[in-house]
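Q: I'd like to ask some things about the structure below.
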Amino acid sequence: VASDIQEIEILSNVDELISNIFKDYFEDLTVNNKEEKSIEEIYSDFDKLFELLRLIVKIINMKLTFISKKEILDNDSNGIILDDSYILLLKKCFSSFIEMINLLPKPIQIDLYCNLLYMLVLVHEFRNSQLITILLPVYQKCLSNYKGLIREENGDNNHNNKNLKNIFKILKIDSKLREDQLLAFIILKTVPEINIDFEDVGRINNIIIEGLKSQENTILSLSIQTVKSIINNISNDSNNNSSIIFKGLIPLLIDLLNNDNEGNTTDPRIIIEILMTFVKKIVDMGEDEKIEGSYELIIPIIIYFNVKNGFDDYVHDKILELIEINPINFKKIIQRSDDELKSKIEKLVNNGSKGDEIVMSKESHIELKTLG
């Protein structure tokens, strides 16, 4: 055990040394030459720089031997044992790799991020839940930086972009695994234009619903942030991923609201906040027919929520907010409503119950504000 700890400390120091040498190369260019080295000159030095990058990958390969083999073999699952310290070392090495390649010319960065993504796909295929969870920030940085480089350098119609758009399918996300739920949230927020089919949409929405039902604050918060990201990316394009996903999510949200007394959600107001965010997005898009449809959807749901859960002051505020956002469509829906619904809305608008004060825990307040 002592020797293992010593080995990890040595490798960690080596990682820092390599990273510092790499960074010093670029810092010295500015200090000594008063200007950055040209791309051509950096290309000429690339063999030396690449060797430093290769050494970082070599540290990773010492444990994750499947990366150098470029495939997962049957004996890898049982033969590779990772303790907490080594997993943290691997995260440190992957993070150093990203910091180093970010200093290189962008055409080189694109190739290296493509290689990094392939390594992370193999890591995911290895199916070590603790390793994947610890590396989630690495997955996020890789996807975000790779996407930015592709758009800046090559546009959207190229091989790299196709690889990125297929990442959800390549990773074969399992909606039942916690680490895959978290990874799915990262993918949806970072690459909303991923290629998905009907089955994928169902899987994504199941992951979101499970997240909204979670008692774990991290998963609940990420689920809410992901829904907000999906709503923000909705467009008038009928093939828009976010529109397709949210359309499938709406009935599941209603079911969740209907069954919240079974302990299926931390706070049922979260669902109302999601739907309110959706309405605001539709209003911002400015299509009258869709605005009217969103009001026709949310008003009965809010009243049902009030009848089922109370929270009169909260619902009173939401009704007034809907009136303020778009009074014309609010009036249209009320005029078409039956007498019972009109009566309940009128009572809520005119009175608002001071006796039913909303008591939010600190955690619930934070989660609800996430949608603001």
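So you can find residues: chains in the structure tokens are A, B, ... in the order shown, residues in each start at 1, and ligands are numbered from 1 in order.
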Give me, as a list in words, all polymer residues having an atom no more than 10 Å from Lys280 of chain A, counting only C-alpha atoms and skipping those fewer than 2 positions away in the same chain.
A: Ile231, Asn232, Leu275, Met276, Thr277, Phe278, Ile282, Val283, Asp284, Met285, Ile291, Ser294, Leu322, Ile325 and Asn326 of chain A
Q: Output all heavy atoms for every residue in the selection just made, as a short mmCIF file (atom, residue, chain, number, x, y, z; two decimals), in the first residue's frame.
A:
```
data_model
loop_
_atom_site.label_atom_id
_atom_site.label_comp_id
_atom_site.auth_asym_id
_atom_site.auth_seq_id
_atom_site.Cartn_x
_atom_site.Cartn_y
_atom_site.Cartn_z
N ILE A 231 -35.41 24.33 -22.79
CA ILE A 231 -36.40 25.37 -23.09
C ILE A 231 -35.75 26.55 -23.81
O ILE A 231 -36.28 27.08 -24.80
CB ILE A 231 -37.10 25.84 -21.80
CG1 ILE A 231 -37.97 24.72 -21.23
CG2 ILE A 231 -37.97 27.08 -22.06
CD1 ILE A 231 -38.54 25.00 -19.85
N ASN A 232 -34.58 26.97 -23.34
CA ASN A 232 -33.89 28.11 -23.97
C ASN A 232 -33.52 27.84 -25.41
O ASN A 232 -33.39 28.77 -26.22
CB ASN A 232 -32.63 28.46 -23.17
CG ASN A 232 -32.94 29.14 -21.86
OD1 ASN A 232 -34.03 29.69 -21.68
ND2 ASN A 232 -32.01 29.11 -20.93
N LEU A 275 -43.00 24.96 -16.36
CA LEU A 275 -44.03 25.32 -17.34
C LEU A 275 -44.11 26.84 -17.52
O LEU A 275 -44.34 27.32 -18.64
CB LEU A 275 -45.38 24.76 -16.91
CG LEU A 275 -45.47 23.22 -16.92
CD1 LEU A 275 -46.81 22.75 -16.35
CD2 LEU A 275 -45.27 22.67 -18.33
N MET A 276 -43.90 27.60 -16.45
CA MET A 276 -43.88 29.06 -16.57
C MET A 276 -42.70 29.51 -17.43
O MET A 276 -42.83 30.43 -18.26
CB MET A 276 -43.79 29.70 -15.19
CG MET A 276 -45.07 29.62 -14.36
SD MET A 276 -46.43 30.61 -15.03
CE MET A 276 -45.78 32.27 -14.88
N THR A 277 -41.55 28.87 -17.25
CA THR A 277 -40.38 29.20 -18.06
C THR A 277 -40.65 28.90 -19.53
O THR A 277 -40.25 29.66 -20.43
CB THR A 277 -39.15 28.38 -17.58
OG1 THR A 277 -38.94 28.64 -16.19
CG2 THR A 277 -37.90 28.77 -18.36
N PHE A 278 -41.34 27.80 -19.79
CA PHE A 278 -41.72 27.43 -21.15
C PHE A 278 -42.64 28.48 -21.77
O PHE A 278 -42.45 28.91 -22.92
CB PHE A 278 -42.41 26.06 -21.14
CG PHE A 278 -43.06 25.68 -22.43
CD1 PHE A 278 -42.30 25.45 -23.58
CD2 PHE A 278 -44.44 25.56 -22.53
CE1 PHE A 278 -42.90 25.10 -24.78
CE2 PHE A 278 -45.04 25.21 -23.72
CZ PHE A 278 -44.28 24.98 -24.85
N ILE A 282 -42.04 30.81 -25.15
CA ILE A 282 -42.98 30.85 -26.28
C ILE A 282 -43.41 32.30 -26.56
O ILE A 282 -43.51 32.72 -27.71
CB ILE A 282 -44.20 29.96 -26.01
CG1 ILE A 282 -43.78 28.49 -25.87
CG2 ILE A 282 -45.24 30.11 -27.11
CD1 ILE A 282 -43.10 27.92 -27.09
N VAL A 283 -43.66 33.05 -25.50
CA VAL A 283 -44.04 34.46 -25.67
C VAL A 283 -42.91 35.23 -26.34
O VAL A 283 -43.13 36.04 -27.24
CB VAL A 283 -44.41 35.09 -24.31
CG1 VAL A 283 -44.59 36.61 -24.45
CG2 VAL A 283 -45.70 34.48 -23.76
N ASP A 284 -41.68 34.98 -25.92
CA ASP A 284 -40.53 35.66 -26.52
C ASP A 284 -40.38 35.32 -28.00
O ASP A 284 -39.91 36.14 -28.79
CB ASP A 284 -39.24 35.27 -25.78
CG ASP A 284 -39.15 35.90 -24.40
OD1 ASP A 284 -39.88 36.87 -24.14
OD2 ASP A 284 -38.34 35.41 -23.58
N MET A 285 -40.79 34.11 -28.38
CA MET A 285 -40.69 33.70 -29.79
C MET A 285 -41.70 34.43 -30.66
O MET A 285 -41.51 34.56 -31.87
CB MET A 285 -40.88 32.18 -29.90
CG MET A 285 -39.69 31.38 -29.39
SD MET A 285 -40.05 29.62 -29.14
CE MET A 285 -40.51 29.13 -30.80
N ILE A 291 -48.41 30.94 -28.52
CA ILE A 291 -48.60 31.62 -27.23
C ILE A 291 -49.96 31.25 -26.65
O ILE A 291 -50.08 30.90 -25.47
CB ILE A 291 -48.48 33.15 -27.39
CG1 ILE A 291 -47.06 33.53 -27.82
CG2 ILE A 291 -48.85 33.86 -26.09
CD1 ILE A 291 -46.91 34.99 -28.21
N SER A 294 -49.87 27.75 -25.35
CA SER A 294 -49.15 27.59 -24.08
C SER A 294 -50.01 28.06 -22.91
O SER A 294 -49.97 27.45 -21.83
CB SER A 294 -47.83 28.37 -24.12
OG SER A 294 -48.04 29.78 -24.13
N LEU A 322 -48.88 35.62 -15.37
CA LEU A 322 -49.39 35.26 -16.70
C LEU A 322 -50.18 36.41 -17.32
O LEU A 322 -50.08 36.67 -18.52
CB LEU A 322 -50.27 34.00 -16.61
CG LEU A 322 -49.53 32.68 -16.38
CD1 LEU A 322 -50.53 31.57 -16.07
CD2 LEU A 322 -48.68 32.31 -17.60
N ILE A 325 -47.62 39.02 -18.45
CA ILE A 325 -46.82 38.61 -19.61
C ILE A 325 -47.60 38.80 -20.90
O ILE A 325 -47.09 39.32 -21.89
CB ILE A 325 -46.38 37.14 -19.47
CG1 ILE A 325 -45.38 36.98 -18.32
CG2 ILE A 325 -45.74 36.64 -20.77
CD1 ILE A 325 -45.07 35.54 -17.97
N ASN A 326 -48.86 38.35 -20.91
CA ASN A 326 -49.65 38.43 -22.14
C ASN A 326 -51.14 38.49 -21.80
O ASN A 326 -51.84 37.46 -21.83
CB ASN A 326 -49.35 37.23 -23.05
CG ASN A 326 -49.80 37.46 -24.48
OD1 ASN A 326 -50.99 37.55 -24.76
ND2 ASN A 326 -48.84 37.57 -25.40
#
```
Q: Got a sec: who's within 10 Å of Asn205 of chain A, counting only C-alpha atoms, leaving out chain neighbours fewer than 3 positions off, as a PyMOL selection string?
A: chain A and resi 175+200-202+208-211+227+245-250+252-253
Q: Now that the selection is made, can you save its residues with C-alpha atoms as a PDB file, in the first residue's frame?
A:
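Written file, selection_24.pdb:
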```pdb
ATOM      1  CA  SER A 175     -30.876   5.911 -18.124  1.00  0.00           C
ATOM      2  CA  ASP A 200     -33.461   8.521 -27.467  1.00  0.00           C
ATOM      3  CA  VAL A 201     -36.076  11.206 -26.751  1.00  0.00           C
ATOM      4  CA  GLY A 202     -37.919   8.790 -24.474  1.00  0.00           C
ATOM      5  CA  ILE A 208     -35.022  14.179 -16.646  1.00  0.00           C
ATOM      6  CA  ILE A 209     -38.105  12.923 -14.797  1.00  0.00           C
ATOM      7  CA  GLU A 210     -36.009  10.665 -12.578  1.00  0.00           C
ATOM      8  CA  GLY A 211     -33.816  13.679 -11.862  1.00  0.00           C
ATOM      9  CA  VAL A 227     -34.726  21.481 -18.590  1.00  0.00           C
ATOM     10  CA  ILE A 245     -37.732  16.714 -26.334  1.00  0.00           C
ATOM     11  CA  PHE A 246     -39.889  19.199 -24.429  1.00  0.00           C
ATOM     12  CA  LYS A 247     -43.019  18.198 -26.339  1.00  0.00           C
ATOM     13  CA  GLY A 248     -42.491  14.664 -25.058  1.00  0.00           C
ATOM     14  CA  LEU A 249     -41.645  15.935 -21.580  1.00  0.00           C
ATOM     15  CA  ILE A 250     -44.891  17.891 -21.023  1.00  0.00           C
ATOM     16  CA  LEU A 252     -44.584  13.344 -18.125  1.00  0.00           C
ATOM     17  CA  LEU A 253     -44.440  16.580 -16.096  1.00  0.00           C
TER      18      LEU A 253
END
```
Q: If we count only C-alpha atoms, what is near segment 127-129 of chain A at a cut-off of 12 Å, once residues fewer than 2 positions away on the same chain are taken out, given as a PyMOL selection string?
A: chain A and resi 64+72+76-78+80-84+87+120-125+131-136+171-174+177-183
Q: Quick one: residues within 12 Å of Gln6 of chain A, only C-alpha atoms, excluding same-chain residues fewer than 6 positions away - as a VMD selection string?
A: chain A and resid 12 to 13 85 to 86
Q: Once you have the residues from the selection above, write them out as an mmCIF file, in the first residue's frame, restricted to all heavy atoms.
A:
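Below you can see again.cif, which holds the result:
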```cif
data_model
loop_
_atom_site.group_PDB
_atom_site.id
_atom_site.type_symbol
_atom_site.label_atom_id
_atom_site.label_comp_id
_atom_site.auth_asym_id
_atom_site.auth_seq_id
_atom_site.Cartn_x
_atom_site.Cartn_y
_atom_site.Cartn_z
ATOM 1 N N SER A 12 2.061 11.981 -9.849
ATOM 2 C CA SER A 12 1.410 13.289 -9.732
ATOM 3 C C SER A 12 2.429 14.414 -9.915
ATOM 4 O O SER A 12 2.163 15.410 -10.598
ATOM 5 C CB SER A 12 0.720 13.409 -8.372
ATOM 6 O OG SER A 12 0.109 14.666 -8.223
ATOM 7 N N ASN A 13 3.598 14.240 -9.328
ATOM 8 C CA ASN A 13 4.660 15.235 -9.480
ATOM 9 C C ASN A 13 5.158 15.297 -10.923
ATOM 10 O O ASN A 13 5.476 16.377 -11.437
ATOM 11 C CB ASN A 13 5.823 14.914 -8.534
ATOM 12 C CG ASN A 13 5.468 15.145 -7.071
ATOM 13 O OD1 ASN A 13 4.598 15.959 -6.763
ATOM 14 N ND2 ASN A 13 6.131 14.416 -6.177
ATOM 15 N N SER A 85 -7.295 7.221 -4.852
ATOM 16 C CA SER A 85 -6.127 8.061 -5.148
ATOM 17 C C SER A 85 -5.763 7.998 -6.621
ATOM 18 O O SER A 85 -5.401 9.010 -7.229
ATOM 19 C CB SER A 85 -4.931 7.610 -4.297
ATOM 20 O OG SER A 85 -5.212 7.758 -2.935
ATOM 21 N N TYR A 86 -5.849 6.815 -7.196
ATOM 22 C CA TYR A 86 -5.480 6.687 -8.605
ATOM 23 C C TYR A 86 -6.518 7.346 -9.507
ATOM 24 O O TYR A 86 -6.175 7.933 -10.539
ATOM 25 C CB TYR A 86 -5.300 5.208 -8.988
ATOM 26 C CG TYR A 86 -4.110 4.992 -9.895
ATOM 27 C CD1 TYR A 86 -2.971 4.347 -9.440
ATOM 28 C CD2 TYR A 86 -4.105 5.496 -11.198
ATOM 29 C CE1 TYR A 86 -1.856 4.179 -10.258
ATOM 30 C CE2 TYR A 86 -3.004 5.332 -12.018
ATOM 31 C CZ TYR A 86 -1.892 4.675 -11.545
ATOM 32 O OH TYR A 86 -0.803 4.532 -12.356
#
```
Q: Would you kindly return, as a JSON list (two decimals) with N, CA and C atoms, in the first residue's frame, each protein, DNA or RNA residue with an atom no farther than 8 Å from any atom of Tyr146 of chain A, considering only C-alpha atoms and excluding same-chain residues fewer than 3 positions away?
A:
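Output (around-v9.json):
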```json
[["chain", "number", "residue", "atom", "x", "y", "z"],
["A", 110, "ILE", "N", -8.08, 20.83, -32.46],
["A", 110, "ILE", "CA", -9.22, 20.04, -32.94],
["A", 110, "ILE", "C", -8.86, 18.56, -33.02],
["A", 113, "TYR", "N", -8.44, 17.19, -29.43],
["A", 113, "TYR", "CA", -9.73, 17.03, -28.74],
["A", 113, "TYR", "C", -10.49, 15.83, -29.30],
["A", 114, "CYS", "N", -10.35, 15.58, -30.59],
["A", 114, "CYS", "CA", -10.95, 14.38, -31.18],
["A", 114, "CYS", "C", -10.36, 13.13, -30.53],
["A", 142, "CYS", "N", -14.22, 18.91, -22.37],
["A", 142, "CYS", "CA", -13.88, 18.35, -23.68],
["A", 142, "CYS", "C", -14.98, 18.66, -24.69],
["A", 143, "LEU", "N", -16.23, 18.38, -24.34],
["A", 143, "LEU", "CA", -17.34, 18.61, -25.26],
["A", 143, "LEU", "C", -17.50, 20.09, -25.59],
["A", 149, "LEU", "N", -14.36, 24.87, -30.97],
["A", 149, "LEU", "CA", -13.32, 24.83, -32.01],
["A", 149, "LEU", "C", -13.89, 24.44, -33.36],
["A", 150, "ILE", "N", -14.79, 23.47, -33.37],
["A", 150, "ILE", "CA", -15.39, 23.01, -34.62],
["A", 150, "ILE", "C", -16.15, 24.15, -35.30]]
```
Q: To one decimal in Å, tell me the separation between atom CA of Glu193 of chain A and atom CA of Phe97 of chain A.
A: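 Between atom CA of Glu193 of chain A and atom CA of Phe97 of chain A the gap works out to 26.4 Å.
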Q: Please extract the residues of segment 97-337 of chain A with a backbone DSSP assignment of alpha helix (DSSP H) and present them as number ranges by chain.
A: A: 97-101, 106-126, 129-134, 136-153, 159-165, 167-171, 178-190, 198-213, 217-232, 241-258, 269-285, 288-309, 312-325, 327-336
Q: Of the candidates A:Pro251, A:Asn102, A:Lys63, A:Asn329, which one gets nearest to Glu289 of chain A if we count only C-alpha atoms?
A: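 Under the stated criterion, the closest residue is A:Asn329.
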Q: What's the separation between atom CA of Ile101 of chain A and atom CA of Ile5 of chain A, in Å to one decimal place?
A: 28.4 Å
Q: What's around segment 337-342 of chain A at 12 Å? Count only C-alpha atoms, leave out sequence neighbours fewer than 6 positions away in its own chain, and write the answer as a PDB file with all heavy atoms, in the first residue's frame.
A:
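Generated output (around-v2.pdb):
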```pdb
ATOM      1  N   TYR A 295     -50.798  29.118 -23.101  1.00  0.00           N
ATOM      2  CA  TYR A 295     -51.703  29.589 -22.051  1.00  0.00           C
ATOM      3  C   TYR A 295     -52.827  28.579 -21.820  1.00  0.00           C
ATOM      4  O   TYR A 295     -53.254  28.343 -20.681  1.00  0.00           O
ATOM      5  CB  TYR A 295     -52.271  30.959 -22.412  1.00  0.00           C
ATOM      6  CG  TYR A 295     -51.437  32.105 -21.881  1.00  0.00           C
ATOM      7  CD1 TYR A 295     -50.170  32.376 -22.395  1.00  0.00           C
ATOM      8  CD2 TYR A 295     -51.903  32.918 -20.857  1.00  0.00           C
ATOM      9  CE1 TYR A 295     -49.396  33.403 -21.921  1.00  0.00           C
ATOM     10  CE2 TYR A 295     -51.143  33.960 -20.359  1.00  0.00           C
ATOM     11  CZ  TYR A 295     -49.875  34.199 -20.887  1.00  0.00           C
ATOM     12  OH  TYR A 295     -49.105  35.231 -20.379  1.00  0.00           O
ATOM     13  N   GLU A 296     -53.295  28.006 -22.908  1.00  0.00           N
ATOM     14  CA  GLU A 296     -54.356  26.997 -22.807  1.00  0.00           C
ATOM     15  C   GLU A 296     -53.863  25.770 -22.044  1.00  0.00           C
ATOM     16  O   GLU A 296     -54.635  25.092 -21.372  1.00  0.00           O
ATOM     17  CB  GLU A 296     -54.802  26.593 -24.210  1.00  0.00           C
ATOM     18  CG  GLU A 296     -56.152  25.913 -24.248  1.00  0.00           C
ATOM     19  CD  GLU A 296     -56.705  25.849 -25.664  1.00  0.00           C
ATOM     20  OE1 GLU A 296     -55.902  26.000 -26.625  1.00  0.00           O
ATOM     21  OE2 GLU A 296     -57.909  25.658 -25.812  1.00  0.00           O
ATOM     22  N   ILE A 299     -52.818  27.298 -17.759  1.00  0.00           N
ATOM     23  CA  ILE A 299     -53.817  27.832 -16.823  1.00  0.00           C
ATOM     24  C   ILE A 299     -54.580  26.728 -16.105  1.00  0.00           C
ATOM     25  O   ILE A 299     -54.670  26.739 -14.868  1.00  0.00           O
ATOM     26  CB  ILE A 299     -54.767  28.821 -17.543  1.00  0.00           C
ATOM     27  CG1 ILE A 299     -53.987  30.097 -17.909  1.00  0.00           C
ATOM     28  CG2 ILE A 299     -55.958  29.176 -16.654  1.00  0.00           C
ATOM     29  CD1 ILE A 299     -54.772  31.066 -18.769  1.00  0.00           C
ATOM     30  N   PRO A 300     -55.151  25.736 -16.808  1.00  0.00           N
ATOM     31  CA  PRO A 300     -55.832  24.649 -16.088  1.00  0.00           C
ATOM     32  C   PRO A 300     -54.894  23.868 -15.171  1.00  0.00           C
ATOM     33  O   PRO A 300     -55.306  23.412 -14.096  1.00  0.00           O
ATOM     34  CB  PRO A 300     -56.378  23.753 -17.207  1.00  0.00           C
ATOM     35  CG  PRO A 300     -56.420  24.611 -18.410  1.00  0.00           C
ATOM     36  CD  PRO A 300     -55.271  25.558 -18.273  1.00  0.00           C
ATOM     37  N   ILE A 301     -53.632  23.723 -15.584  1.00  0.00           N
ATOM     38  CA  ILE A 301     -52.671  22.994 -14.751  1.00  0.00           C
ATOM     39  C   ILE A 301     -52.420  23.739 -13.448  1.00  0.00           C
ATOM     40  O   ILE A 301     -52.359  23.135 -12.365  1.00  0.00           O
ATOM     41  CB  ILE A 301     -51.345  22.779 -15.519  1.00  0.00           C
ATOM     42  CG1 ILE A 301     -51.557  21.793 -16.666  1.00  0.00           C
ATOM     43  CG2 ILE A 301     -50.252  22.263 -14.582  1.00  0.00           C
ATOM     44  CD1 ILE A 301     -50.339  21.607 -17.552  1.00  0.00           C
ATOM     45  N   ILE A 302     -52.275  25.055 -13.519  1.00  0.00           N
ATOM     46  CA  ILE A 302     -52.040  25.852 -12.308  1.00  0.00           C
ATOM     47  C   ILE A 302     -53.235  25.764 -11.367  1.00  0.00           C
ATOM     48  O   ILE A 302     -53.073  25.633 -10.142  1.00  0.00           O
ATOM     49  CB  ILE A 302     -51.739  27.320 -12.677  1.00  0.00           C
ATOM     50  CG1 ILE A 302     -50.342  27.433 -13.291  1.00  0.00           C
ATOM     51  CG2 ILE A 302     -51.843  28.225 -11.458  1.00  0.00           C
ATOM     52  CD1 ILE A 302     -49.935  28.836 -13.678  1.00  0.00           C
ATOM     53  N   ILE A 303     -54.438  25.812 -11.926  1.00  0.00           N
ATOM     54  CA  ILE A 303     -55.631  25.712 -11.084  1.00  0.00           C
ATOM     55  C   ILE A 303     -55.732  24.331 -10.454  1.00  0.00           C
ATOM     56  O   ILE A 303     -56.052  24.187  -9.269  1.00  0.00           O
ATOM     57  CB  ILE A 303     -56.901  26.033 -11.909  1.00  0.00           C
ATOM     58  CG1 ILE A 303     -56.841  27.465 -12.446  1.00  0.00           C
ATOM     59  CG2 ILE A 303     -58.161  25.838 -11.056  1.00  0.00           C
ATOM     60  CD1 ILE A 303     -56.639  28.535 -11.401  1.00  0.00           C
ATOM     61  N   TYR A 304     -55.428  23.301 -11.237  1.00  0.00           N
ATOM     62  CA  TYR A 304     -55.424  21.935 -10.698  1.00  0.00           C
ATOM     63  C   TYR A 304     -54.403  21.818  -9.572  1.00  0.00           C
ATOM     64  O   TYR A 304     -54.668  21.208  -8.522  1.00  0.00           O
ATOM     65  CB  TYR A 304     -55.097  20.942 -11.815  1.00  0.00           C
ATOM     66  CG  TYR A 304     -54.816  19.539 -11.317  1.00  0.00           C
ATOM     67  CD1 TYR A 304     -55.852  18.696 -10.933  1.00  0.00           C
ATOM     68  CD2 TYR A 304     -53.499  19.078 -11.208  1.00  0.00           C
ATOM     69  CE1 TYR A 304     -55.587  17.422 -10.455  1.00  0.00           C
ATOM     70  CE2 TYR A 304     -53.227  17.810 -10.736  1.00  0.00           C
ATOM     71  CZ  TYR A 304     -54.279  16.981 -10.365  1.00  0.00           C
ATOM     72  OH  TYR A 304     -54.020  15.720  -9.887  1.00  0.00           O
ATOM     73  N   ASN A 306     -53.381  24.155  -7.616  1.00  0.00           N
ATOM     74  CA  ASN A 306     -53.907  24.875  -6.454  1.00  0.00           C
ATOM     75  C   ASN A 306     -54.944  24.040  -5.704  1.00  0.00           C
ATOM     76  O   ASN A 306     -54.912  23.955  -4.466  1.00  0.00           O
ATOM     77  CB  ASN A 306     -54.512  26.199  -6.909  1.00  0.00           C
ATOM     78  CG  ASN A 306     -55.160  26.976  -5.779  1.00  0.00           C
ATOM     79  OD1 ASN A 306     -56.353  27.255  -5.835  1.00  0.00           O
ATOM     80  ND2 ASN A 306     -54.410  27.308  -4.753  1.00  0.00           N
ATOM     81  N   VAL A 307     -55.846  23.429  -6.445  1.00  0.00           N
ATOM     82  CA  VAL A 307     -56.883  22.590  -5.823  1.00  0.00           C
ATOM     83  C   VAL A 307     -56.246  21.421  -5.076  1.00  0.00           C
ATOM     84  O   VAL A 307     -56.661  21.064  -3.969  1.00  0.00           O
ATOM     85  CB  VAL A 307     -57.872  22.064  -6.891  1.00  0.00           C
ATOM     86  CG1 VAL A 307     -58.819  21.032  -6.287  1.00  0.00           C
ATOM     87  CG2 VAL A 307     -58.655  23.226  -7.491  1.00  0.00           C
ATOM     88  N   PHE A 330     -54.386  35.596 -22.122  1.00  0.00           N
ATOM     89  CA  PHE A 330     -54.984  35.180 -20.853  1.00  0.00           C
ATOM     90  C   PHE A 330     -56.504  35.387 -20.924  1.00  0.00           C
ATOM     91  O   PHE A 330     -57.282  34.499 -20.553  1.00  0.00           O
ATOM     92  CB  PHE A 330     -54.393  35.985 -19.695  1.00  0.00           C
ATOM     93  CG  PHE A 330     -54.862  35.515 -18.347  1.00  0.00           C
ATOM     94  CD1 PHE A 330     -54.173  34.537 -17.670  1.00  0.00           C
ATOM     95  CD2 PHE A 330     -56.008  36.054 -17.763  1.00  0.00           C
ATOM     96  CE1 PHE A 330     -54.610  34.100 -16.417  1.00  0.00           C
ATOM     97  CE2 PHE A 330     -56.452  35.619 -16.530  1.00  0.00           C
ATOM     98  CZ  PHE A 330     -55.749  34.642 -15.845  1.00  0.00           C
ATOM     99  N   LYS A 331     -56.898  36.545 -21.422  1.00  0.00           N
ATOM    100  CA  LYS A 331     -58.325  36.853 -21.522  1.00  0.00           C
ATOM    101  C   LYS A 331     -59.033  35.880 -22.469  1.00  0.00           C
ATOM    102  O   LYS A 331     -60.153  35.422 -22.200  1.00  0.00           O
ATOM    103  CB  LYS A 331     -58.511  38.291 -22.004  1.00  0.00           C
ATOM    104  CG  LYS A 331     -59.957  38.755 -22.056  1.00  0.00           C
ATOM    105  CD  LYS A 331     -60.037  40.219 -22.478  1.00  0.00           C
ATOM    106  CE  LYS A 331     -61.494  40.685 -22.524  1.00  0.00           C
ATOM    107  NZ  LYS A 331     -61.592  42.106 -22.945  1.00  0.00           N
ATOM    108  N   LEU A 348     -58.724  33.578  -7.080  1.00  0.00           N
ATOM    109  CA  LEU A 348     -57.279  33.647  -6.870  1.00  0.00           C
ATOM    110  C   LEU A 348     -56.726  35.027  -7.222  1.00  0.00           C
ATOM    111  O   LEU A 348     -55.851  35.564  -6.544  1.00  0.00           O
ATOM    112  CB  LEU A 348     -56.569  32.576  -7.706  1.00  0.00           C
ATOM    113  CG  LEU A 348     -56.664  31.150  -7.162  1.00  0.00           C
ATOM    114  CD1 LEU A 348     -56.269  30.147  -8.230  1.00  0.00           C
ATOM    115  CD2 LEU A 348     -55.776  30.991  -5.925  1.00  0.00           C
ATOM    116  N   VAL A 349     -57.238  35.611  -8.309  1.00  0.00           N
ATOM    117  CA  VAL A 349     -56.773  36.927  -8.739  1.00  0.00           C
ATOM    118  C   VAL A 349     -57.155  37.996  -7.729  1.00  0.00           C
ATOM    119  O   VAL A 349     -56.341  38.860  -7.373  1.00  0.00           O
ATOM    120  CB  VAL A 349     -57.339  37.280 -10.128  1.00  0.00           C
ATOM    121  CG1 VAL A 349     -57.040  38.733 -10.478  1.00  0.00           C
ATOM    122  CG2 VAL A 349     -56.750  36.354 -11.194  1.00  0.00           C
TER     123      VAL A 349
END
```
Q: Which residues of segment 97-124 of chain A come within 10 Å of segment 47-62 of chain A, and for each one, what is the closest pair of atoms and their distance in Å to one decimal, counting only C-alpha atoms, sorted by chain and residue number, as a tab-separated table?
A:
```
residue	atom	partner	partner_atom	distance
A:Phe97	CA	A:Leu53	CA	6.7
A:Ile98	CA	A:Leu53	CA	9.8
A:Met100	CA	A:Leu53	CA	7.6
A:Ile101	CA	A:Leu53	CA	8.1
A:Leu104	CA	A:Leu49	CA	9.2
A:Leu112	CA	A:Leu53	CA	9.7
A:Leu116	CA	A:Val57	CA	9.7
A:Met119	CA	A:Val57	CA	9.7
```
Q: Generate a file of the selected residues that holds N, CA and C atoms, formatted as a compact mmCIF listing (two decimals), in the first residue's frame.
A:
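Heads up, here's the output in result-v8.txt:
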```txt
# COMPACT_ATOMS: atom_id res chain seq x y z
N PHE A 97 -3.91 17.55 -19.56
CA PHE A 97 -3.92 17.35 -21.02
C PHE A 97 -4.74 18.45 -21.70
N ILE A 98 -5.91 18.76 -21.12
CA ILE A 98 -6.77 19.80 -21.68
C ILE A 98 -6.10 21.16 -21.59
N MET A 100 -3.00 21.85 -21.53
CA MET A 100 -1.86 21.91 -22.44
C MET A 100 -2.29 22.09 -23.89
N ILE A 101 -3.27 21.31 -24.33
CA ILE A 101 -3.67 21.42 -25.73
C ILE A 101 -4.36 22.75 -26.02
N LEU A 104 -2.15 25.30 -27.81
CA LEU A 104 -1.67 25.03 -29.16
C LEU A 104 -2.53 25.73 -30.21
N LEU A 112 -6.48 16.98 -31.42
CA LEU A 112 -6.21 16.43 -30.09
C LEU A 112 -7.49 16.27 -29.27
N LEU A 116 -8.92 13.02 -27.54
CA LEU A 116 -9.35 13.02 -26.14
C LEU A 116 -10.77 12.46 -26.01
N MET A 119 -10.71 8.80 -26.20
CA MET A 119 -10.24 8.22 -24.94
C MET A 119 -11.37 8.19 -23.91
```
Q: Please compute the atom CA of Gln225 of chain A-atom CA of Ile186 of chain A distance, one decimal, in Å.
A: 9.9 Å
